[in-house]
>>> print(open('target-v2.cif').read())   # mmCIF, C-alpha atoms
data_target
#
loop_
_atom_site.label_atom_id
_atom_site.label_comp_id
_atom_site.auth_asym_id
_atom_site.auth_seq_id
_atom_site.Cartn_x
_atom_site.Cartn_y
_atom_site.Cartn_z
CA MET L 1 6.12 -19.81 6.73
CA GLU L 2 3.55 -17.38 8.08
CA PRO L 3 0.06 -18.32 6.86
CA VAL L 4 -2.09 -15.94 4.84
CA THR L 5 -4.84 -14.95 7.27
CA PRO L 6 -7.67 -12.35 7.18
CA CYS L 7 -6.62 -11.03 10.61
CA ALA L 8 -3.13 -10.31 11.92
CA PRO L 9 -1.35 -13.43 13.27
CA ARG L 10 0.15 -11.32 16.08
CA THR L 11 -0.84 -8.20 17.98
CA PRO L 12 1.85 -5.54 18.49
CA ARG L 13 2.59 -5.14 22.20
CA ARG L 14 2.98 -1.42 21.81
CA THR L 15 1.23 0.97 19.43
CA LEU L 16 3.73 3.28 17.79
CA PHE L 17 1.16 5.10 15.67
CA ARG L 18 -2.45 4.81 14.49
CA GLN L 19 -4.30 5.87 11.36
CA SER L 20 -7.31 4.91 9.26
CA TRP L 21 -7.40 4.11 5.56
CA HIS L 22 -10.39 5.02 3.38
CA ASP L 23 -11.53 4.39 -0.21
CA LEU L 24 -8.71 2.02 -1.10
CA VAL L 25 -8.20 0.92 -4.69
CA PHE L 26 -5.83 -2.01 -5.36
CA LEU L 27 -4.42 -2.66 -8.84
CA HIS L 28 -2.04 -5.60 -9.31
CA TRP L 29 0.10 -7.02 -12.09
CA PRO L 30 2.54 -9.96 -12.28
CA ALA L 31 6.20 -8.95 -11.88
CA ASP L 32 9.54 -10.54 -12.67
CA PRO L 33 10.78 -12.18 -9.41
CA PHE L 34 14.43 -11.69 -10.40
CA GLU L 35 13.83 -7.98 -10.98
CA VAL L 36 11.89 -7.71 -7.71
CA ALA L 37 14.63 -9.50 -5.75
CA GLY L 38 17.12 -6.77 -6.64
CA LEU L 39 14.82 -4.08 -5.22
CA LEU L 40 14.15 -5.61 -1.78
CA PRO L 41 16.05 -4.81 1.45
CA PRO L 42 18.74 -7.28 2.61
CA GLY L 43 17.28 -10.13 4.62
CA THR L 44 14.15 -10.44 2.46
CA VAL L 45 13.19 -12.29 -0.71
CA PRO L 46 10.22 -12.02 -3.08
CA ASP L 47 7.09 -13.63 -1.66
CA LEU L 48 5.56 -15.97 -4.22
CA HIS L 49 2.05 -17.23 -4.81
CA ARG L 50 2.14 -20.35 -6.97
CA GLY L 51 5.54 -19.35 -8.28
CA ARG L 52 4.60 -15.75 -9.15
CA THR L 53 5.18 -12.40 -7.50
CA TYR L 54 3.41 -9.11 -8.12
CA VAL L 55 3.60 -5.34 -8.12
CA GLY L 56 0.77 -3.31 -6.64
CA LEU L 57 -0.44 0.23 -7.27
CA VAL L 58 -2.62 1.34 -4.33
CA PHE L 59 -4.66 4.54 -3.99
CA PHE L 60 -6.29 5.63 -0.71
CA ARG L 61 -7.08 8.42 1.72
CA LEU L 62 -5.24 8.36 5.07
CA ARG L 63 -7.00 10.02 8.00
CA GLY L 64 -6.41 10.53 11.71
CA LEU L 65 -2.66 9.91 12.00
CA ALA L 66 -1.79 9.77 15.72
CA PHE L 67 1.20 8.61 17.78
CA GLY L 68 0.73 6.19 20.68
CA GLY L 69 -2.38 7.14 22.62
CA THR L 70 -2.31 10.84 21.67
CA PRO L 71 -5.08 12.58 19.69
CA ALA L 72 -4.89 12.65 15.92
CA LEU L 73 -2.71 15.32 14.38
CA PRO L 74 -4.68 18.25 12.96
CA TYR L 75 -4.18 18.97 9.24
CA PHE L 76 -0.88 17.07 8.85
CA GLY L 77 -2.53 13.85 10.05
CA SER L 78 -4.80 13.54 7.01
CA PHE L 79 -3.67 13.22 3.41
CA ASP L 80 -4.10 11.19 0.23
CA GLU L 81 -1.54 8.59 -0.81
CA VAL L 82 -0.64 6.45 -3.81
CA ASN L 83 2.02 3.78 -3.44
CA VAL L 84 3.92 1.26 -5.52
CA ARG L 85 4.58 -1.87 -3.50
CA LEU L 86 6.23 -5.27 -3.78
CA TYR L 87 5.71 -8.45 -1.73
CA SER L 88 8.38 -9.83 0.55
CA ARG L 89 9.14 -12.38 3.25
CA ASP L 90 12.02 -12.66 5.68
CA ALA L 91 14.01 -15.50 7.29
CA LEU L 92 11.40 -15.84 10.06
CA GLY L 93 8.68 -16.41 7.48
CA ARG L 94 6.94 -13.07 8.05
CA ARG L 95 5.19 -11.78 4.96
CA GLY L 96 5.29 -8.06 4.24
CA VAL L 97 5.26 -5.32 1.68
CA VAL L 98 8.17 -3.24 0.43
CA PHE L 99 7.34 0.25 -0.76
CA ARG L 100 9.17 1.45 -3.84
CA SER L 101 7.44 4.85 -3.78
CA LEU L 102 4.72 6.58 -1.79
CA GLU L 103 3.07 9.68 -3.24
CA CYS L 104 1.70 12.08 -0.60
CA ASP L 105 0.05 15.50 -0.87
CA ARG L 106 1.41 16.84 2.46
CA LEU L 107 5.08 17.86 2.61
CA VAL L 108 5.60 17.47 6.38
CA PRO L 109 4.64 13.74 6.46
CA VAL L 110 6.95 13.20 3.49
CA LEU L 111 9.91 14.67 5.38
CA ALA L 112 9.02 12.88 8.64
CA ALA L 113 8.65 9.42 7.04
CA ASP L 114 11.96 9.81 5.21
CA ALA L 115 13.78 10.92 8.35
CA SER L 116 12.39 8.16 10.60
CA PHE L 117 11.86 4.99 8.55
CA ARG L 118 13.61 6.01 5.31
CA LEU L 119 10.44 5.31 3.38
CA PRO L 120 10.53 6.63 -0.20
CA TYR L 121 7.79 9.25 0.11
CA ARG L 122 7.40 11.82 -2.67
CA TRP L 123 5.57 15.14 -2.46
CA SER L 124 2.82 15.00 -5.06
CA ARG L 125 -0.49 16.43 -6.12
CA ILE L 126 -3.33 13.98 -5.48
CA ARG L 127 -7.02 14.39 -6.16
CA SER L 128 -9.89 12.01 -5.48
CA GLN L 129 -13.52 12.52 -6.42
CA TRP L 130 -16.74 10.50 -6.30
CA PHE L 131 -19.36 10.55 -9.03
CA GLU L 132 -22.19 8.47 -7.52
CA ASN L 133 -20.68 4.94 -7.57
CA ARG L 134 -17.70 5.93 -9.69
CA LEU L 135 -14.36 6.98 -8.17
CA LEU L 136 -11.53 8.94 -9.80
CA TYR L 137 -7.99 9.22 -8.41
CA ARG L 138 -5.28 11.34 -10.05
CA THR L 139 -1.72 12.00 -8.90
CA SER L 140 1.30 13.79 -10.35
CA ARG L 141 4.68 14.12 -8.68
CA ARG L 142 5.95 17.63 -8.11
CA GLY L 143 9.12 18.62 -9.95
CA ALA L 144 10.52 18.20 -13.42
CA ALA L 145 10.30 14.38 -13.53
CA GLY L 146 6.57 14.39 -12.82
CA ALA L 147 5.62 10.71 -12.77
CA GLY L 148 1.95 10.12 -12.11
CA ALA L 149 -1.05 7.80 -12.22
CA ARG L 150 -4.79 7.86 -12.77
CA VAL L 151 -7.55 5.36 -12.09
CA TRP L 152 -11.25 5.72 -12.96
CA LEU L 153 -13.56 2.92 -11.92
CA GLU L 154 -17.13 1.92 -11.22
CA ILE L 155 -17.65 0.16 -7.90
CA GLU L 156 -20.21 -2.55 -7.30
CA ARG L 157 -22.34 -2.24 -4.17
CA THR L 158 -22.23 -5.89 -3.06
CA PRO L 159 -19.23 -7.15 -1.04
CA VAL L 160 -17.27 -10.01 -2.64
CA VAL L 161 -14.99 -12.78 -1.43
CA PRO L 162 -11.51 -12.18 -2.88
CA GLU L 163 -9.69 -14.80 -4.90
CA PRO L 164 -6.81 -16.66 -3.17
CA VAL L 165 -4.19 -14.56 -4.96
CA GLU L 166 -6.01 -11.38 -3.86
CA GLU L 167 -5.99 -12.60 -0.25
CA PHE L 168 -2.26 -13.23 -0.62
CA LEU L 169 -1.72 -9.67 -1.84
CA THR L 170 -3.91 -7.81 0.64
CA ASN L 171 -3.59 -9.78 3.90
CA ARG L 172 -0.24 -8.24 4.81
CA TRP L 173 0.63 -7.63 8.45
CA GLY L 174 3.82 -5.61 8.23
CA LEU L 175 6.30 -3.88 5.99
CA HIS L 176 9.98 -4.48 5.36
CA GLY L 177 12.31 -1.52 5.05
CA ARG L 178 15.85 -0.36 5.70
CA ALA L 179 17.12 2.52 7.84
CA LEU L 180 20.43 3.37 9.52
CA GLY L 181 22.17 0.45 7.82
CA ARG L 182 19.73 -2.20 9.12
CA SER L 183 16.72 -3.91 7.60
CA TYR L 184 13.60 -3.97 9.75
CA TYR L 185 10.08 -5.34 9.99
CA LEU L 186 7.29 -2.96 11.07
CA PRO L 187 4.13 -4.88 12.12
CA ASN L 188 0.56 -3.67 11.79
CA THR L 189 -2.93 -4.89 12.60
CA HIS L 190 -6.43 -3.99 11.43
CA PRO L 191 -9.88 -5.61 11.06
CA ALA L 192 -10.52 -7.96 8.17
CA TRP L 193 -11.04 -6.32 4.79
CA SER L 194 -14.41 -5.90 3.12
CA PHE L 195 -13.93 -5.82 -0.64
CA ARG L 196 -16.04 -4.86 -3.63
CA ARG L 197 -15.37 -5.75 -7.23
CA CYS L 198 -14.80 -2.90 -9.72
CA SER L 199 -15.11 -2.21 -13.41
CA LEU L 200 -11.96 -0.44 -14.54
CA LEU L 201 -13.11 2.34 -16.87
CA ASP L 202 -9.73 3.99 -17.50
CA TRP L 203 -6.25 4.08 -16.05
CA ASP L 204 -2.77 5.39 -16.70
CA ASP L 205 0.49 4.97 -14.82
CA SER L 206 4.14 5.98 -14.94
CA LEU L 207 4.86 5.45 -11.21
CA ILE L 208 5.76 1.77 -11.55
CA ALA L 209 8.47 2.46 -14.14
CA ALA L 210 9.71 5.42 -12.06
CA ALA L 211 10.04 3.00 -9.12
CA GLY L 212 12.60 0.93 -11.02
CA LEU L 213 10.35 -1.82 -12.37
CA SER L 214 9.46 -2.84 -15.89
CA GLN L 215 6.22 -1.26 -17.00
CA PRO L 216 3.43 -3.88 -16.75
CA GLU L 217 1.83 -4.98 -19.98
CA GLY L 218 -1.91 -4.66 -20.29
CA ALA L 219 -4.63 -4.13 -17.74
CA PRO L 220 -4.18 -5.26 -14.14
CA LEU L 221 -5.14 -8.85 -13.31
CA SER L 222 -6.95 -7.69 -10.16
CA VAL L 223 -8.93 -4.54 -9.33
CA LEU L 224 -10.44 -4.24 -5.84
CA TYR L 225 -12.06 -1.51 -3.77
CA ALA L 226 -12.24 -1.45 0.05
CA PRO L 227 -14.21 1.16 2.05
CA GLY L 228 -11.51 1.25 4.72
CA VAL L 229 -10.15 0.06 8.06
CA PRO L 230 -8.55 1.53 11.22
CA VAL L 231 -4.89 0.51 11.49
CA ARG L 232 -2.34 0.23 14.31
CA PHE L 233 1.42 -0.07 13.79
CA GLY L 234 3.81 -1.57 16.33
CA THR L 235 7.49 -0.87 16.85
CA PRO L 236 10.08 -1.88 14.22
CA VAL L 237 12.08 -5.08 14.73
CA PRO L 238 15.58 -5.45 13.17
CA LEU L 239 16.02 -8.40 10.81
CA PRO L 240 18.68 -10.90 11.94
CA GLY L 241 21.98 -10.73 10.12
CA THR L 242 21.34 -7.42 8.37
#
>>> encode(input="target-v2.cif", output="structure tokens")
Amino acid sequence: MEPVTPCAPRTPRRTLFRQSWHDLVFLHWPADPFEVAGLLPPGTVPDLHRGRTYVGLVFFRLRGLAFGGTPALPYFGSFDEVNVRLYSRDALGRRGVVFRSLECDRLVPVLAADASFRLPYRWSRIRSQWFENRLLYRTSRRGAAGAGARVWLEIERTPVVPEPVEEFLTNRWGLHGRALGRSYYLPNTHPAWSFRRCSLLDWDDSLIAAAGLSQPEGAPLSVLYAPGVPVRFGTPVPLPGT
């Protein structure tokens, strides 16, 4: 089993694309492992921490999307994103995330991600705004079935050491997905996180239920803020037997 480490256990030999993530907000709730198992790609199972698995709702700003060693894309390479994610591992012990939905406020990246990696991107309206040390994110999906989410929090200034379960949920060095009839693992690497604790002032969500999961009960068990990291993704690797 791959250990949970603050830095990637492997470095991709080739950089497929680069980007940086800013002003990340992580909300997490416990999830039913049997329900999660039915939503993962073949060749993966729910990753458990002390017998429990989780669903995450993550807000952030993506900047500087670039392919290989080329310059960052103008306009289309920067957008806001909100995703619903689950936690997975494969037969080789690699831990990853599985995205159930990814809200994005640029249409072209939505179409490109669906065509290439079959990631469930959705074209949405997303707004983020700072009020001194308070941060507000709001998103609503375009169209008739307009699922959405909102988080309003106050961020402490002093960095904190995350709890073991929070390390388990955030130290993820790849994603599992499925495209062209095969499951795959897409590795990534970035510097170690720097986290700050938050006071959750208000929140609302209908994205988790829209992603096929039971709506969590009550407030999230973990709320974290991270200023951001630069990220590199390697090339996808097919999962054996899928």
>>> closest_residue(input="target-v2.cif", among="L:Ala211, L:Leu73, L:Leu39, L:Val84", to="L:Val58", atoms="all atoms listed in the file")
L:Val84
>>> closest_atom_pairs(input="target-v2.cif", of="stretch 69-187 of chain L", to="stretch 206-210 of chain L", cutoff="10 Å", atoms="only C-alpha atoms", output="CSV")
residue,atom,partner,partner_atom,distance
L:Val82,CA,L:Leu207,CA,9.3
L:Asn83,CA,L:Leu207,CA,8.4
L:Val84,CA,L:Ile208,CA,6.3
L:Arg85,CA,L:Ile208,CA,8.9
L:Arg100,CA,L:Ile208,CA,8.4
L:Ser101,CA,L:Leu207,CA,7.9
L:Leu102,CA,L:Leu207,CA,9.5
L:Glu103,CA,L:Leu207,CA,9.2
L:Thr139,CA,L:Leu207,CA,9.6
L:Ser140,CA,L:Leu207,CA,9.1
L:Arg141,CA,L:Leu207,CA,9.0
L:Ala145,CA,L:Ala210,CA,9.1
L:Gly146,CA,L:Ser206,CA,9.0
L:Ala147,CA,L:Ser206,CA,5.4
L:Gly148,CA,L:Ser206,CA,5.5
L:Ala149,CA,L:Ser206,CA,6.1
L:Arg150,CA,L:Ser206,CA,9.4
>>> write_last_selection(input="target-v2.cif", atoms="C-alpha atoms", output="PDB file, in the frame of the given file")
ATOM      1  CA  VAL L  82      -0.640   6.450  -3.810  1.00  0.00           C
ATOM      2  CA  ASN L  83       2.020   3.780  -3.440  1.00  0.00           C
ATOM      3  CA  VAL L  84       3.920   1.260  -5.520  1.00  0.00           C
ATOM      4  CA  ARG L  85       4.580  -1.870  -3.500  1.00  0.00           C
ATOM      5  CA  ARG L 100       9.170   1.450  -3.840  1.00  0.00           C
ATOM      6  CA  SER L 101       7.440   4.850  -3.780  1.00  0.00           C
ATOM      7  CA  LEU L 102       4.720   6.580  -1.790  1.00  0.00           C
ATOM      8  CA  GLU L 103       3.070   9.680  -3.240  1.00  0.00           C
ATOM      9  CA  THR L 139      -1.720  12.000  -8.900  1.00  0.00           C
ATOM     10  CA  SER L 140       1.300  13.790 -10.350  1.00  0.00           C
ATOM     11  CA  ARG L 141       4.680  14.120  -8.680  1.00  0.00           C
ATOM     12  CA  ALA L 145      10.300  14.380 -13.530  1.00  0.00           C
ATOM     13  CA  GLY L 146       6.570  14.390 -12.820  1.00  0.00           C
ATOM     14  CA  ALA L 147       5.620  10.710 -12.770  1.00  0.00           C
ATOM     15  CA  GLY L 148       1.950  10.120 -12.110  1.00  0.00           C
ATOM     16  CA  ALA L 149      -1.050   7.800 -12.220  1.00  0.00           C
ATOM     17  CA  ARG L 150      -4.790   7.860 -12.770  1.00  0.00           C
TER      18      ARG L 150
END
>>> closest_residue(input="target-v2.cif", among="L:Ser222, L:Asn188, L:Ser214, L:Ser128", to="L:Phe168", atoms="all atoms listed in the file")
L:Ser222
>>> residues_near_point(input="target-v2.cif", point="(6.8, -9.6, 5.6)", cutoff="10 Å", atoms="only C-alpha atoms", output="ChimeraX atom specification")
/L:2,44-47,87-98,172-177,184-187
>>> write_last_selection(input="target-v2.cif", atoms="C-alpha atoms", output="PDB file, in the frame of the given file")
ATOM      1  CA  GLU L   2       3.550 -17.380   8.080  1.00  0.00           C
ATOM      2  CA  THR L  44      14.150 -10.440   2.460  1.00  0.00           C
ATOM      3  CA  VAL L  45      13.190 -12.290  -0.710  1.00  0.00           C
ATOM      4  CA  PRO L  46      10.220 -12.020  -3.080  1.00  0.00           C
ATOM      5  CA  ASP L  47       7.090 -13.630  -1.660  1.00  0.00           C
ATOM      6  CA  TYR L  87       5.710  -8.450  -1.730  1.00  0.00           C
ATOM      7  CA  SER L  88       8.380  -9.830   0.550  1.00  0.00           C
ATOM      8  CA  ARG L  89       9.140 -12.380   3.250  1.00  0.00           C
ATOM      9  CA  ASP L  90      12.020 -12.660   5.680  1.00  0.00           C
ATOM     10  CA  ALA L  91      14.010 -15.500   7.290  1.00  0.00           C
ATOM     11  CA  LEU L  92      11.400 -15.840  10.060  1.00  0.00           C
ATOM     12  CA  GLY L  93       8.680 -16.410   7.480  1.00  0.00           C
ATOM     13  CA  ARG L  94       6.940 -13.070   8.050  1.00  0.00           C
ATOM     14  CA  ARG L  95       5.190 -11.780   4.960  1.00  0.00           C
ATOM     15  CA  GLY L  96       5.290  -8.060   4.240  1.00  0.00           C
ATOM     16  CA  VAL L  97       5.260  -5.320   1.680  1.00  0.00           C
ATOM     17  CA  VAL L  98       8.170  -3.240   0.430  1.00  0.00           C
ATOM     18  CA  ARG L 172      -0.240  -8.240   4.810  1.00  0.00           C
ATOM     19  CA  TRP L 173       0.630  -7.630   8.450  1.00  0.00           C
ATOM     20  CA  GLY L 174       3.820  -5.610   8.230  1.00  0.00           C
ATOM     21  CA  LEU L 175       6.300  -3.880   5.990  1.00  0.00           C
ATOM     22  CA  HIS L 176       9.980  -4.480   5.360  1.00  0.00           C
ATOM     23  CA  GLY L 177      12.310  -1.520   5.050  1.00  0.00           C
ATOM     24  CA  TYR L 184      13.600  -3.970   9.750  1.00  0.00           C
ATOM     25  CA  TYR L 185      10.080  -5.340   9.990  1.00  0.00           C
ATOM     26  CA  LEU L 186       7.290  -2.960  11.070  1.00  0.00           C
ATOM     27  CA  PRO L 187       4.130  -4.880  12.120  1.00  0.00           C
TER      28      PRO L 187
END
>>> closest_atom_pairs(input="target-v2.cif", of="stretch 57-114 of chain L", to="stretch 9-29 of chain L", cutoff="8 Å", atoms="only C-alpha atoms", output="tab-separated table")
residue	atom	partner	partner_atom	distance
L:Leu57	CA	L:Leu27	CA	5.2
L:Val58	CA	L:Phe26	CA	4.8
L:Phe59	CA	L:Val25	CA	5.1
L:Phe60	CA	L:Leu24	CA	4.4
L:Arg61	CA	L:His22	CA	5.0
L:Leu62	CA	L:Trp21	CA	4.8
L:Arg63	CA	L:Ser20	CA	5.3
L:Gly64	CA	L:Gln19	CA	5.1
L:Leu65	CA	L:Gln19	CA	4.4
L:Ala66	CA	L:Arg18	CA	5.2
L:Phe67	CA	L:Phe17	CA	4.1
L:Gly68	CA	L:Leu16	CA	5.1
L:Gly69	CA	L:Thr15	CA	7.8
>>> closest_residue(input="target-v2.cif", among="L:Arg232, L:Pro71, L:Asp114, L:Ser183", to="L:Gly43", atoms="all atoms listed in the file")
L:Ser183
>>> residues_around(input="target-v2.cif", residues="L:Pro159", least_positions_apart="3", cutoff="10 Å", atoms="all atoms listed in the file", output="ChimeraX atom specification")
/L:156,162,194-197,225-226
>>> atom_distance(input="target-v2.cif", atom1="atom CA of L:Cys104", atom2="atom CA of L:Val229")
19.0 Å
>>> residues_around(input="target-v2.cif", residues="L:Asp105", least_positions_apart="6", cutoff="9 Å", atoms="all atoms listed in the file", output="mmCIF file with C-alpha atoms, in the frame of the given file")
data_model
loop_
_atom_site.group_PDB
_atom_site.id
_atom_site.type_symbol
_atom_site.label_atom_id
_atom_site.label_comp_id
_atom_site.auth_asym_id
_atom_site.auth_seq_id
_atom_site.Cartn_x
_atom_site.Cartn_y
_atom_site.Cartn_z
ATOM 1 C CA PHE L 79 -3.670 13.220 3.410
ATOM 2 C CA ASP L 80 -4.100 11.190 0.230
ATOM 3 C CA GLU L 81 -1.540 8.590 -0.810
ATOM 4 C CA ARG L 122 7.400 11.820 -2.670
ATOM 5 C CA TRP L 123 5.570 15.140 -2.460
ATOM 6 C CA SER L 124 2.820 15.000 -5.060
ATOM 7 C CA ARG L 125 -0.490 16.430 -6.120
ATOM 8 C CA ILE L 126 -3.330 13.980 -5.480
ATOM 9 C CA ARG L 127 -7.020 14.390 -6.160
ATOM 10 C CA THR L 139 -1.720 12.000 -8.900
#
>>> closest_residue(input="target-v2.cif", among="L:Pro236, L:Pro30, L:Pro74, L:Pro3", to="L:Glu217", atoms="all atoms listed in the file")
L:Pro30
>>> closest_residue(input="target-v2.cif", among="L:Leu221, L:Ala113, L:Ala72, L:Leu86", to="L:Gly56", atoms="all atoms listed in the file")
L:Leu86
>>> resolve_selection(input="target-v2.cif", expression="the PyMOL selection byres ((chain L and resi 52) around 10)", output="list in words")
Pro30, Ala31, Asp32, Pro33, Pro46, Asp47, Leu48, His49, Arg50, Gly51, Thr53, Tyr54 and Val165 of chain L
>>> closest_residue(input="target-v2.cif", among="L:Trp193, L:Gly38, L:Val151, L:Gly234", to="L:Glu167", atoms="only C-alpha atoms")
L:Trp193
>>> residues_near_point(input="target-v2.cif", point="(-8.4, -2.8, -13.9)", cutoff="8 Å", atoms="all atoms listed in the file", output="JSON, numbers by chain")
{"L": [27, 153, 198, 199, 200, 201, 202, 203, 219, 220, 221, 222, 223]}
>>> build_atoms(input="target-v2.cif", residues="stretch 113-130 of chain L", atoms="N, CA and C atoms", output="PDB file, in the frame of the given file")
ATOM      1  N   ALA L 113       8.524  10.834   7.359  1.00  0.00           N
ATOM      2  CA  ALA L 113       8.650   9.420   7.040  1.00  0.00           C
ATOM      3  C   ALA L 113      10.036   9.095   6.491  1.00  0.00           C
ATOM      4  N   ASP L 114      10.607  10.016   5.719  1.00  0.00           N
ATOM      5  CA  ASP L 114      11.960   9.810   5.210  1.00  0.00           C
ATOM      6  C   ASP L 114      12.983   9.863   6.327  1.00  0.00           C
ATOM      7  N   ALA L 115      12.820  10.776   7.268  1.00  0.00           N
ATOM      8  CA  ALA L 115      13.780  10.920   8.350  1.00  0.00           C
ATOM      9  C   ALA L 115      13.720   9.773   9.344  1.00  0.00           C
ATOM     10  N   SER L 116      12.541   9.193   9.570  1.00  0.00           N
ATOM     11  CA  SER L 116      12.390   8.160  10.600  1.00  0.00           C
ATOM     12  C   SER L 116      12.596   6.753  10.052  1.00  0.00           C
ATOM     13  N   PHE L 117      11.817   6.361   9.064  1.00  0.00           N
ATOM     14  CA  PHE L 117      11.860   4.990   8.550  1.00  0.00           C
ATOM     15  C   PHE L 117      12.503   4.877   7.180  1.00  0.00           C
ATOM     16  N   ARG L 118      13.001   5.985   6.647  1.00  0.00           N
ATOM     17  CA  ARG L 118      13.610   6.010   5.310  1.00  0.00           C
ATOM     18  C   ARG L 118      12.682   5.435   4.252  1.00  0.00           C
ATOM     19  N   LEU L 119      11.411   5.730   4.388  1.00  0.00           N
ATOM     20  CA  LEU L 119      10.440   5.310   3.380  1.00  0.00           C
ATOM     21  C   LEU L 119      10.463   6.289   2.218  1.00  0.00           C
ATOM     22  N   PRO L 120      10.355   5.778   0.989  1.00  0.00           N
ATOM     23  CA  PRO L 120      10.530   6.630  -0.200  1.00  0.00           C
ATOM     24  C   PRO L 120       9.295   7.459  -0.542  1.00  0.00           C
ATOM     25  N   TYR L 121       8.916   8.356   0.367  1.00  0.00           N
ATOM     26  CA  TYR L 121       7.790   9.250   0.110  1.00  0.00           C
ATOM     27  C   TYR L 121       8.189  10.333  -0.890  1.00  0.00           C
ATOM     28  N   ARG L 122       7.200  10.756  -1.693  1.00  0.00           N
ATOM     29  CA  ARG L 122       7.400  11.820  -2.670  1.00  0.00           C
ATOM     30  C   ARG L 122       6.247  12.827  -2.542  1.00  0.00           C
ATOM     31  N   TRP L 123       6.585  14.088  -2.550  1.00  0.00           N
ATOM     32  CA  TRP L 123       5.570  15.140  -2.460  1.00  0.00           C
ATOM     33  C   TRP L 123       4.882  15.265  -3.812  1.00  0.00           C
ATOM     34  N   SER L 124       3.582  15.067  -3.817  1.00  0.00           N
ATOM     35  CA  SER L 124       2.820  15.000  -5.060  1.00  0.00           C
ATOM     36  C   SER L 124       1.492  15.732  -4.946  1.00  0.00           C
ATOM     37  N   ARG L 125       0.879  15.940  -6.074  1.00  0.00           N
ATOM     38  CA  ARG L 125      -0.490  16.430  -6.120  1.00  0.00           C
ATOM     39  C   ARG L 125      -1.409  15.220  -6.289  1.00  0.00           C
ATOM     40  N   ILE L 126      -2.396  15.101  -5.419  1.00  0.00           N
ATOM     41  CA  ILE L 126      -3.330  13.980  -5.480  1.00  0.00           C
ATOM     42  C   ILE L 126      -4.747  14.507  -5.360  1.00  0.00           C
ATOM     43  N   ARG L 127      -5.619  14.013  -6.210  1.00  0.00           N
ATOM     44  CA  ARG L 127      -7.020  14.390  -6.160  1.00  0.00           C
ATOM     45  C   ARG L 127      -7.877  13.127  -6.228  1.00  0.00           C
ATOM     46  N   SER L 128      -8.926  13.099  -5.417  1.00  0.00           N
ATOM     47  CA  SER L 128      -9.890  12.010  -5.480  1.00  0.00           C
ATOM     48  C   SER L 128     -11.289  12.611  -5.519  1.00  0.00           C
ATOM     49  N   GLN L 129     -12.172  11.986  -6.279  1.00  0.00           N
ATOM     50  CA  GLN L 129     -13.520  12.520  -6.420  1.00  0.00           C
ATOM     51  C   GLN L 129     -14.501  11.403  -6.733  1.00  0.00           C
ATOM     52  N   TRP L 130     -15.653  11.441  -6.050  1.00  0.00           N
ATOM     53  CA  TRP L 130     -16.740  10.500  -6.300  1.00  0.00           C
ATOM     54  C   TRP L 130     -17.743  11.091  -7.282  1.00  0.00           C
TER      55      TRP L 130
END
